[in-house]
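File shown: upload.cif. Contents: mmCIF, C-alpha atoms.
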```
data_my_file
loop_
_atom_site.label_atom_id
_atom_site.label_comp_id
_atom_site.auth_asym_id
_atom_site.auth_seq_id
_atom_site.Cartn_x
_atom_site.Cartn_y
_atom_site.Cartn_z
CA MET A 1 -25.87 122.25 135.42
CA GLN A 2 -25.50 122.48 131.67
CA PRO A 3 -26.55 125.65 129.83
CA ASP A 4 -29.10 125.42 127.04
CA SER A 5 -29.07 127.56 123.90
CA GLN A 6 -30.80 130.44 125.63
CA LYS A 7 -29.34 133.12 127.85
CA THR A 8 -29.16 132.31 131.55
CA ASN A 9 -32.20 133.49 133.49
CA THR A 10 -30.87 136.02 135.98
CA SER A 11 -34.15 136.60 137.79
CA ASP A 12 -34.45 135.40 141.37
CA PRO A 13 -38.00 135.15 142.74
CA THR A 14 -36.72 135.06 146.32
CA GLY A 15 -34.65 138.21 145.89
CA ASN A 16 -31.90 136.61 147.99
CA ARG A 17 -29.69 134.67 145.59
CA PRO A 18 -26.48 136.44 144.49
CA LEU A 19 -25.88 136.56 140.75
CA ILE A 20 -22.28 135.36 141.25
CA ALA A 21 -21.17 133.05 144.07
CA LEU A 22 -17.79 131.45 144.67
CA ARG A 23 -17.60 128.78 147.38
CA LYS A 24 -14.23 127.65 148.78
CA VAL A 25 -12.59 128.22 145.41
CA GLY A 26 -8.94 127.35 144.91
CA LYS A 27 -6.78 127.60 141.81
CA SER A 28 -3.18 126.45 141.43
CA TYR A 29 -0.77 126.38 138.51
CA SER A 30 2.12 124.00 137.94
CA THR A 31 5.51 125.72 137.63
CA PRO A 32 9.09 124.40 137.43
CA ALA A 33 9.37 125.32 141.11
CA GLY A 34 6.22 123.40 142.03
CA GLU A 35 2.56 124.24 142.52
CA PHE A 36 1.74 127.96 142.66
CA PRO A 37 -1.50 128.73 144.55
CA ALA A 38 -3.08 131.64 142.68
CA LEU A 39 -6.31 131.57 144.74
CA ARG A 40 -6.95 130.04 148.17
CA GLU A 41 -10.37 129.26 149.67
CA ILE A 42 -12.21 132.15 148.02
CA ASP A 43 -15.73 132.84 149.25
CA LEU A 44 -17.37 135.73 147.41
CA GLU A 45 -20.86 136.87 146.46
CA ILE A 46 -21.78 139.58 143.96
CA ASP A 47 -25.34 140.77 143.46
CA SER A 48 -27.09 141.59 140.22
CA GLY A 49 -26.34 145.15 139.10
CA GLU A 50 -23.34 145.62 141.41
CA PHE A 51 -20.20 147.39 140.24
CA VAL A 52 -17.33 145.63 142.04
CA ALA A 53 -13.61 146.37 141.82
CA LEU A 54 -11.05 143.65 142.56
CA THR A 55 -7.95 145.33 143.94
CA GLY A 56 -4.51 144.20 145.00
CA ARG A 57 -0.92 144.06 143.87
CA SER A 58 0.19 142.29 140.71
CA GLY A 59 0.11 138.55 141.37
CA SER A 60 -2.53 138.81 144.08
CA GLY A 61 -5.05 136.74 142.08
CA LYS A 62 -7.30 139.42 140.56
CA SER A 63 -7.05 138.25 136.97
CA THR A 64 -7.41 134.59 137.94
CA LEU A 65 -10.56 135.38 139.89
CA LEU A 66 -12.01 137.29 136.92
CA ASN A 67 -11.22 134.39 134.61
CA LEU A 68 -13.05 131.94 136.87
CA ILE A 69 -16.12 134.17 137.05
CA GLY A 70 -16.17 134.47 133.27
CA GLY A 71 -15.62 130.78 132.56
CA LEU A 72 -12.25 131.52 130.97
CA ASP A 73 -10.57 129.14 133.42
CA ARG A 74 -11.62 126.44 135.85
CA PRO A 75 -10.94 126.07 139.57
CA ASN A 76 -9.03 123.11 140.98
CA ARG A 77 -11.55 122.96 143.81
CA GLY A 78 -14.68 124.71 144.99
CA GLU A 79 -17.72 126.02 143.15
CA VAL A 80 -18.27 128.91 140.75
CA ILE A 81 -21.98 129.60 140.32
CA VAL A 82 -23.18 132.33 137.96
CA ALA A 83 -26.92 133.00 137.72
CA GLY A 84 -27.67 129.49 138.90
CA VAL A 85 -25.23 127.79 136.50
CA SER A 86 -22.37 125.78 137.99
CA VAL A 87 -19.81 127.17 135.58
CA HIS A 88 -17.06 124.84 136.79
CA GLN A 89 -19.15 121.86 135.63
CA VAL A 90 -20.16 123.12 132.18
CA PRO A 91 -18.63 120.93 129.45
CA GLU A 92 -15.88 122.57 127.43
CA ASN A 93 -17.84 122.34 124.19
CA ALA A 94 -20.73 124.28 125.74
CA LEU A 95 -18.73 126.78 127.77
CA ALA A 96 -17.83 129.20 124.96
CA ARG A 97 -21.46 129.55 123.89
CA TRP A 98 -22.61 130.04 127.49
CA ARG A 99 -19.94 132.71 127.97
CA GLY A 100 -20.80 134.42 124.69
CA ARG A 101 -24.38 134.94 125.79
CA ASN A 102 -23.85 135.70 129.47
CA VAL A 103 -20.47 137.36 130.01
CA GLY A 104 -18.98 140.32 128.17
CA VAL A 105 -15.18 140.44 128.42
CA VAL A 106 -13.12 143.65 128.18
CA PHE A 107 -9.36 143.21 127.85
CA GLN A 108 -6.63 145.62 128.91
CA PHE A 109 -5.10 145.58 125.42
CA PHE A 110 -8.49 145.84 123.65
CA GLN A 111 -7.99 142.69 121.48
CA LEU A 112 -9.75 144.21 118.46
CA LEU A 113 -9.13 142.38 115.19
CA PRO A 114 -6.99 144.78 113.14
CA THR A 115 -8.41 143.87 109.70
CA LEU A 116 -12.05 144.39 110.68
CA THR A 117 -13.78 147.73 111.09
CA ILE A 118 -14.94 148.79 114.53
CA ALA A 119 -18.54 147.90 113.69
CA GLU A 120 -17.47 144.49 112.40
CA ASN A 121 -15.53 143.87 115.62
CA VAL A 122 -18.65 144.64 117.64
CA MET A 123 -20.72 142.32 115.45
CA LEU A 124 -18.39 139.33 115.95
CA PRO A 125 -19.98 138.04 119.20
CA MET A 126 -23.42 138.26 117.56
CA ASP A 127 -22.15 136.20 114.64
CA PHE A 128 -20.58 133.62 116.94
CA CYS A 129 -23.67 133.13 119.11
CA ASP A 130 -26.25 133.79 116.39
CA ALA A 131 -27.86 135.98 119.03
CA ARG A 132 -30.04 138.05 116.69
CA PRO A 133 -31.07 137.99 113.00
CA ALA A 134 -28.17 138.83 110.70
CA ARG A 135 -30.01 141.80 109.21
CA GLU A 136 -30.23 143.44 112.66
CA ARG A 137 -26.60 143.04 113.73
CA ARG A 138 -25.03 146.11 112.18
CA ALA A 139 -27.82 148.35 113.48
CA HIS A 140 -27.30 146.93 116.98
CA ALA A 141 -23.53 147.46 116.70
CA LEU A 142 -24.07 151.09 115.69
CA GLU A 143 -26.46 151.55 118.63
CA LEU A 144 -23.83 150.22 121.04
CA LEU A 145 -21.09 152.38 119.54
CA ASP A 146 -23.37 155.38 119.95
CA ARG A 147 -23.95 154.42 123.58
CA VAL A 148 -20.19 154.47 124.27
CA GLY A 149 -19.73 157.69 122.31
CA ILE A 150 -17.86 156.60 119.17
CA ALA A 151 -20.58 155.99 116.57
CA GLU A 152 -18.63 158.12 114.07
CA GLN A 153 -15.74 155.61 114.23
CA ALA A 154 -17.85 152.64 113.12
CA ASP A 155 -16.32 152.13 109.69
CA LYS A 156 -12.70 152.79 110.63
CA LEU A 157 -10.05 150.19 111.40
CA PRO A 158 -8.82 149.96 115.01
CA SER A 159 -5.44 151.46 114.07
CA ALA A 160 -7.17 154.74 113.25
CA LEU A 161 -8.54 155.12 116.79
CA SER A 162 -6.92 156.38 119.97
CA GLY A 163 -6.41 154.06 122.92
CA GLY A 164 -9.45 155.45 124.69
CA GLN A 165 -11.60 155.01 121.60
CA GLN A 166 -10.41 151.43 121.16
CA GLN A 167 -11.31 150.67 124.78
CA ARG A 168 -14.78 152.12 124.20
CA ALA A 169 -15.09 149.88 121.14
CA ALA A 170 -14.04 146.90 123.25
CA ILE A 171 -16.76 147.75 125.78
CA ALA A 172 -19.33 147.97 122.98
CA ARG A 173 -18.21 144.56 121.73
CA ALA A 174 -18.59 143.14 125.26
CA LEU A 175 -22.22 144.33 125.23
CA ALA A 176 -23.01 142.85 121.82
CA ASN A 177 -25.20 140.02 123.13
CA ASP A 178 -26.69 142.05 126.02
CA PRO A 179 -24.95 139.96 128.71
CA PRO A 180 -26.00 140.30 132.35
CA ILE A 181 -22.33 140.39 133.40
CA VAL A 182 -19.32 142.35 132.14
CA ILE A 183 -15.81 141.58 133.40
CA ALA A 184 -12.80 143.75 132.66
CA ASP A 185 -9.13 143.12 133.43
CA GLU A 186 -7.25 146.38 134.04
CA PRO A 187 -9.48 148.25 131.56
CA THR A 188 -7.79 151.59 132.30
CA GLY A 189 -4.24 150.27 132.58
CA ASN A 190 -3.09 151.80 129.27
CA LEU A 191 -5.15 154.98 129.38
CA ASP A 192 -4.44 158.50 130.61
CA SER A 193 -6.22 159.72 133.72
CA GLU A 194 -8.95 161.66 131.91
CA THR A 195 -9.79 158.76 129.59
CA SER A 196 -9.68 156.38 132.56
CA ARG A 197 -12.33 158.42 134.33
CA ALA A 198 -14.50 158.39 131.21
CA VAL A 199 -14.20 154.60 130.85
CA LEU A 200 -15.03 154.04 134.52
CA GLY A 201 -18.02 156.33 134.05
CA LEU A 202 -19.21 154.09 131.22
CA PHE A 203 -19.03 151.07 133.51
CA ARG A 204 -20.93 153.00 136.18
CA ARG A 205 -23.74 153.74 133.75
CA LEU A 206 -23.85 150.09 132.69
CA SER A 207 -24.24 149.08 136.31
CA ASP A 208 -26.95 151.68 136.83
CA ARG A 209 -28.85 150.06 133.93
CA GLY A 210 -28.69 146.67 135.68
CA THR A 211 -25.53 145.07 134.28
CA THR A 212 -23.24 143.46 136.84
CA VAL A 213 -19.72 144.84 136.33
CA VAL A 214 -16.59 143.29 137.86
CA ILE A 215 -13.20 144.83 137.12
CA ALA A 216 -9.65 144.10 138.21
CA THR A 217 -7.82 147.37 138.73
CA HIS A 218 -4.87 149.19 140.23
CA GLU A 219 -6.81 152.47 140.21
CA ARG A 220 -6.75 154.07 143.64
CA ASP A 221 -9.38 156.79 143.57
CA ILE A 222 -12.48 154.91 142.41
CA SER A 223 -14.64 154.95 145.52
CA GLY A 224 -16.97 157.51 143.95
CA VAL A 225 -17.67 155.25 140.98
CA ILE A 226 -17.91 151.66 142.25
CA ASP A 227 -20.24 150.03 144.77
CA ARG A 228 -17.67 147.83 146.49
CA THR A 229 -14.01 146.90 146.51
CA VAL A 230 -12.76 143.37 147.10
CA GLU A 231 -9.10 143.34 148.08
CA LEU A 232 -6.91 140.32 147.37
CA VAL A 233 -3.56 139.54 148.94
CA ASP A 234 -1.61 136.40 147.99
CA GLY A 235 -4.67 134.71 146.56
CA THR A 236 -7.02 135.38 149.46
CA VAL A 237 -9.82 137.90 149.93
CA THR A 238 -8.76 140.13 152.79
CA ALA A 239 -11.51 142.75 152.66
CA GLY A 240 -14.76 143.64 150.95
CA LEU A 241 -15.53 147.31 151.47
CA SER A 242 -18.58 149.34 150.60
CA ALA A 243 -17.59 152.38 148.56
CA ALA A 244 -20.35 154.35 150.27
CA THR A 245 -19.29 153.68 153.86
CA GLY A 246 -15.74 152.34 153.66
CA ARG A 247 -16.86 149.54 155.97
CA PRO A 248 -16.65 145.77 155.52
CA GLU A 249 -19.65 144.25 153.79
CA GLN A 250 -21.14 140.84 154.39
CA GLY A 251 -20.10 138.46 151.60
CA GLY A 252 -16.99 140.45 150.77
CA GLU A 253 -14.69 138.50 153.05
#
```

Starting from the coordinates I provided, produce the structure as structure tokens.
Amino acid sequence: MQPDSQKTNTSDPTGNRPLIALRKVGKSYSTPAGEFPALREIDLEIDSGEFVALTGRSGSGKSTLLNLIGGLDRPNRGEVIVAGVSVHQVPENALARWRGRNVGVVFQFFQLLPTLTIAENVMLPMDFCDARPARERRAHALELLDRVGIAEQADKLPSALSGGQQQRAAIARALANDPPIVIADEPTGNLDSETSRAVLGLFRRLSDRGTTVVIATHERDISGVIDRTVELVDGTVTAGLSAATGRPEQGGE
């Protein structure tokens, strides 16, 4: 299915369709030593508004799985369906625009442009997707920065902000086009424990407002914040656990 110029419709009249579904997904990379299987036969469903943590050791496939969900990479086999769109089939020239409207991406190292102010960084996705009238973009950026608690930093360059403040700015940028999904790769990996808790709390509030949040993380004590953990080992999903019960959940294996 090819996306049109509008945001994907995430409503499901049956109430049964998951927002994100991966079916028998595999991903391999060519290396000098041969093919490296990063993901093997992944079956996974994530519902609208869920806050899901992908856990596992380095090299287990967490980042690759996030990239497939966000349309940043393509599987070698299987299906990646996000809000009814077969992302693995979207043409390359349409994929960036689809992603810009439907998936907010938060990077471990923030990836803020150093010569732009924080507000200008947040406005970039709006400019790229032409998601709202130009005259409204700065006001929306300031609203998002206020939501993440750093409105007073709007006209500063990234170098003037702490690591925690830069990560908050990156989250605001990810929300610029009001995407239904936010993905984050090790978003607390470079933060101290107190700032990490604050950032995870921001993601929790996003989920409570209806945004689907999927993060890859090494954080251990997050059961009180997330809805579910999905554990990966050597490119396979070994467990999907409810944070509330600690028990396996259907669709998490």

Selected residue of minimal separation from Ile183 in chain A among A:Ser196, A:Asn93, A:Thr229, A:Asn67, counting all atoms listed in the file: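 Closest to Ile183 in chain A, using all atoms listed in the file: A:Asn67.
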
Name the residues captured by the PyMOL selection byres ((chain A and resi 115) around 10) when it is applied to the shown file; answer as a list of chain:residue names.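 This file, filtered by the PyMOL selection byres ((chain A and resi 115) around 10), leaves A:Leu112, A:Leu113, A:Pro114, A:Leu116, A:Thr117, A:Ile118, A:Glu120, A:Asn121, A:Lys156, A:Leu157, A:Pro158, A:Ser159.
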
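Between Ile226 in chain A and the candidates A:Thr64, A:Thr55, A:Gln165, A:Ser28, the tightest atom-to-atom separation, counting only C-alpha atoms, involves A:Thr55.
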
I'd like the contact shell of range 197-205 of chain A - 10 Å cut-off, only C-alpha atoms, skipping same-chain residues fewer than 2 positions apart - returned as a ChimeraX atom specification. /A:49-51,147-149,164-165,167-168,171,182,184,187-188,191-195,207-215,221-222,224-227

Atomic distance CA of Glu143 in chain A - CA of Ala172 in chain A, expressed in Å with one decimal: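 So the two atoms, CA of Glu143 in chain A and CA of Ala172 in chain A, lie 9.1 Å apart.
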
Got a sec: who's within 10 Å of Leu68 in chain A, counting only C-alpha atoms, leaving out chain neighbours fewer than 3 positions off, as JSON, numbers by chain? {"A": [22, 25, 27, 63, 64, 65, 71, 72, 73, 74, 75, 79, 80, 81, 87, 88]}

CA of Gly235 in chain A and CA of Gly26 in chain A, how far apart in Å?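 Computing it gives 8.7 Å between the two atoms.
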
One decimal place gives the CA of Arg173 in chain A-CA of Pro125 in chain A separation as 7.2 Å

Return the single residue from A:Leu54, A:Val90, A:Ala139, A:Ala33 that is closest to His218 in chain A, with distances computed using all atoms listed in the file.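 Closest candidate: A:Leu54.
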
Hits of the PyMOL selection byres ((chain A and resi 83) around 6) in this structure, as a compact mmCIF listing (two decimals) with C-alpha atoms, in the coordinates of the input:
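Resulting contents of expr_21.txt:
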```txt
# COMPACT_ATOMS: atom_id res chain seq x y z
CA THR A 10 -30.87 136.02 135.98
CA LEU A 19 -25.88 136.56 140.75
CA VAL A 82 -23.18 132.33 137.96
CA GLY A 84 -27.67 129.49 138.90
CA VAL A 85 -25.23 127.79 136.50
```

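The smallest atom-to-atom distance between Ala151 in chain A and any of A:Arg138, A:Pro37, A:Ser223, A:Asp130, using all atoms listed in the file, is found for A:Arg138.
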
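Residues in contact with Tyr29 in chain A at 10 Å, where all atoms listed in the file are counted and same-chain residues fewer than 6 positions away are skipped, are listed as Glu35, Phe36, Pro37, Ala38, Leu39 and Asn76 of chain A.
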
Selection from above, C-alpha atoms, as a PDB file, in the coordinates of the input, can you write it?
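Wrote part31.pdb, looks like this:
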```
ATOM      1  CA  GLU A  35       2.560 124.240 142.520  1.00  0.00           C
ATOM      2  CA  PHE A  36       1.740 127.960 142.660  1.00  0.00           C
ATOM      3  CA  PRO A  37      -1.500 128.730 144.550  1.00  0.00           C
ATOM      4  CA  ALA A  38      -3.080 131.640 142.680  1.00  0.00           C
ATOM      5  CA  LEU A  39      -6.310 131.570 144.740  1.00  0.00           C
ATOM      6  CA  ASN A  76      -9.030 123.110 140.980  1.00  0.00           C
TER       7      ASN A  76
END
```

Pick the closest to Phe110 in chain A from A:Ala134, A:Ile181, A:Val233, A:Ala170: which is it, counting all atoms listed in the file?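 Between A:Ala134, A:Ile181, A:Val233, A:Ala170, the residue approaching Phe110 in chain A most closely is A:Ala170.
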
Pick from A:Arg137, A:Arg23, A:Arg101, A:Arg77: nearest to Pro179 in chain A, with only C-alpha atoms counted?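 When distances to Pro179 in chain A are compared using only C-alpha atoms, the smallest one comes from A:Arg101.
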
Apply the PyMOL selection byres ((chain A and resi 129) around 12) to the displayed file and report the matching residues as number ranges by chain. A: 5-7, 94-102, 123-128, 130-134, 137, 176-179

Reconstruct N, CA and C atoms of range 66-94 of chain A; output as a PDB file, keeping the file's coordinate frame.
```
ATOM      1  N   LEU A  66     -11.168 136.850 138.039  1.00  0.00           N
ATOM      2  CA  LEU A  66     -12.010 137.290 136.920  1.00  0.00           C
ATOM      3  C   LEU A  66     -12.216 136.160 135.919  1.00  0.00           C
ATOM      4  N   ASN A  67     -11.137 135.461 135.595  1.00  0.00           N
ATOM      5  CA  ASN A  67     -11.220 134.390 134.610  1.00  0.00           C
ATOM      6  C   ASN A  67     -12.135 133.259 135.062  1.00  0.00           C
ATOM      7  N   LEU A  68     -12.150 132.977 136.352  1.00  0.00           N
ATOM      8  CA  LEU A  68     -13.050 131.940 136.870  1.00  0.00           C
ATOM      9  C   LEU A  68     -14.498 132.385 136.790  1.00  0.00           C
ATOM     10  N   ILE A  69     -14.760 133.652 137.126  1.00  0.00           N
ATOM     11  CA  ILE A  69     -16.120 134.170 137.050  1.00  0.00           C
ATOM     12  C   ILE A  69     -16.633 134.110 135.612  1.00  0.00           C
ATOM     13  N   GLY A  70     -15.761 134.423 134.663  1.00  0.00           N
ATOM     14  CA  GLY A  70     -16.170 134.470 133.270  1.00  0.00           C
ATOM     15  C   GLY A  70     -16.090 133.140 132.536  1.00  0.00           C
ATOM     16  N   GLY A  71     -15.726 132.072 133.227  1.00  0.00           N
ATOM     17  CA  GLY A  71     -15.620 130.780 132.560  1.00  0.00           C
ATOM     18  C   GLY A  71     -14.452 130.683 131.615  1.00  0.00           C
ATOM     19  N   LEU A  72     -13.455 131.565 131.786  1.00  0.00           N
ATOM     20  CA  LEU A  72     -12.250 131.520 130.970  1.00  0.00           C
ATOM     21  C   LEU A  72     -11.229 130.530 131.521  1.00  0.00           C
ATOM     22  N   ASP A  73     -11.421 130.120 132.766  1.00  0.00           N
ATOM     23  CA  ASP A  73     -10.570 129.140 133.420  1.00  0.00           C
ATOM     24  C   ASP A  73     -11.415 128.364 134.406  1.00  0.00           C
ATOM     25  N   ARG A  74     -10.869 127.283 134.919  1.00  0.00           N
ATOM     26  CA  ARG A  74     -11.620 126.440 135.850  1.00  0.00           C
ATOM     27  C   ARG A  74     -10.872 126.321 137.172  1.00  0.00           C
ATOM     28  N   PRO A  75     -11.608 126.239 138.271  1.00  0.00           N
ATOM     29  CA  PRO A  75     -10.940 126.070 139.570  1.00  0.00           C
ATOM     30  C   PRO A  75     -10.459 124.631 139.747  1.00  0.00           C
ATOM     31  N   ASN A  76      -9.454 124.459 140.587  1.00  0.00           N
ATOM     32  CA  ASN A  76      -9.030 123.110 140.980  1.00  0.00           C
ATOM     33  C   ASN A  76      -9.970 122.528 142.032  1.00  0.00           C
ATOM     34  N   ARG A  77     -10.616 123.398 142.781  1.00  0.00           N
ATOM     35  CA  ARG A  77     -11.550 122.960 143.810  1.00  0.00           C
ATOM     36  C   ARG A  77     -12.539 124.089 144.094  1.00  0.00           C
ATOM     37  N   GLY A  78     -13.657 123.728 144.680  1.00  0.00           N
ATOM     38  CA  GLY A  78     -14.680 124.710 144.990  1.00  0.00           C
ATOM     39  C   GLY A  78     -15.689 124.876 143.876  1.00  0.00           C
ATOM     40  N   GLU A  79     -16.617 125.803 144.070  1.00  0.00           N
ATOM     41  CA  GLU A  79     -17.720 126.020 143.150  1.00  0.00           C
ATOM     42  C   GLU A  79     -17.742 127.450 142.648  1.00  0.00           C
ATOM     43  N   VAL A  80     -18.038 127.605 141.356  1.00  0.00           N
ATOM     44  CA  VAL A  80     -18.270 128.910 140.750  1.00  0.00           C
ATOM     45  C   VAL A  80     -19.662 128.876 140.145  1.00  0.00           C
ATOM     46  N   ILE A  81     -20.587 129.617 140.747  1.00  0.00           N
ATOM     47  CA  ILE A  81     -21.980 129.600 140.320  1.00  0.00           C
ATOM     48  C   ILE A  81     -22.359 130.983 139.821  1.00  0.00           C
ATOM     49  N   VAL A  82     -22.803 131.055 138.575  1.00  0.00           N
ATOM     50  CA  VAL A  82     -23.180 132.330 137.960  1.00  0.00           C
ATOM     51  C   VAL A  82     -24.616 132.214 137.474  1.00  0.00           C
ATOM     52  N   ALA A  83     -25.495 132.998 138.085  1.00  0.00           N
ATOM     53  CA  ALA A  83     -26.920 133.000 137.720  1.00  0.00           C
ATOM     54  C   ALA A  83     -27.497 131.596 137.731  1.00  0.00           C
ATOM     55  N   GLY A  84     -27.135 130.825 138.733  1.00  0.00           N
ATOM     56  CA  GLY A  84     -27.670 129.490 138.900  1.00  0.00           C
ATOM     57  C   GLY A  84     -26.960 128.405 138.120  1.00  0.00           C
ATOM     58  N   VAL A  85     -25.987 128.766 137.285  1.00  0.00           N
ATOM     59  CA  VAL A  85     -25.230 127.790 136.500  1.00  0.00           C
ATOM     60  C   VAL A  85     -23.920 127.474 137.201  1.00  0.00           C
ATOM     61  N   SER A  86     -23.654 126.205 137.419  1.00  0.00           N
ATOM     62  CA  SER A  86     -22.370 125.780 137.990  1.00  0.00           C
ATOM     63  C   SER A  86     -21.327 125.796 136.879  1.00  0.00           C
ATOM     64  N   VAL A  87     -20.686 126.942 136.726  1.00  0.00           N
ATOM     65  CA  VAL A  87     -19.810 127.170 135.580  1.00  0.00           C
ATOM     66  C   VAL A  87     -18.662 126.161 135.557  1.00  0.00           C
ATOM     67  N   HIS A  88     -18.188 125.774 136.722  1.00  0.00           N
ATOM     68  CA  HIS A  88     -17.060 124.840 136.790  1.00  0.00           C
ATOM     69  C   HIS A  88     -17.424 123.456 136.285  1.00  0.00           C
ATOM     70  N   GLN A  89     -18.708 123.174 136.103  1.00  0.00           N
ATOM     71  CA  GLN A  89     -19.150 121.860 135.630  1.00  0.00           C
ATOM     72  C   GLN A  89     -19.627 121.876 134.176  1.00  0.00           C
ATOM     73  N   VAL A  90     -19.682 123.042 133.560  1.00  0.00           N
ATOM     74  CA  VAL A  90     -20.160 123.120 132.180  1.00  0.00           C
ATOM     75  C   VAL A  90     -19.142 122.468 131.245  1.00  0.00           C
ATOM     76  N   PRO A  91     -19.571 121.567 130.374  1.00  0.00           N
ATOM     77  CA  PRO A  91     -18.630 120.930 129.450  1.00  0.00           C
ATOM     78  C   PRO A  91     -17.917 121.955 128.567  1.00  0.00           C
ATOM     79  N   GLU A  92     -16.693 121.640 128.199  1.00  0.00           N
ATOM     80  CA  GLU A  92     -15.880 122.570 127.430  1.00  0.00           C
ATOM     81  C   GLU A  92     -16.557 122.976 126.124  1.00  0.00           C
ATOM     82  N   ASN A  93     -17.234 122.027 125.475  1.00  0.00           N
ATOM     83  CA  ASN A  93     -17.840 122.340 124.190  1.00  0.00           C
ATOM     84  C   ASN A  93     -19.072 123.226 124.311  1.00  0.00           C
ATOM     85  N   ALA A  94     -19.586 123.410 125.514  1.00  0.00           N
ATOM     86  CA  ALA A  94     -20.730 124.280 125.740  1.00  0.00           C
ATOM     87  C   ALA A  94     -20.340 125.590 126.415  1.00  0.00           C
TER      88      ALA A  94
END
```
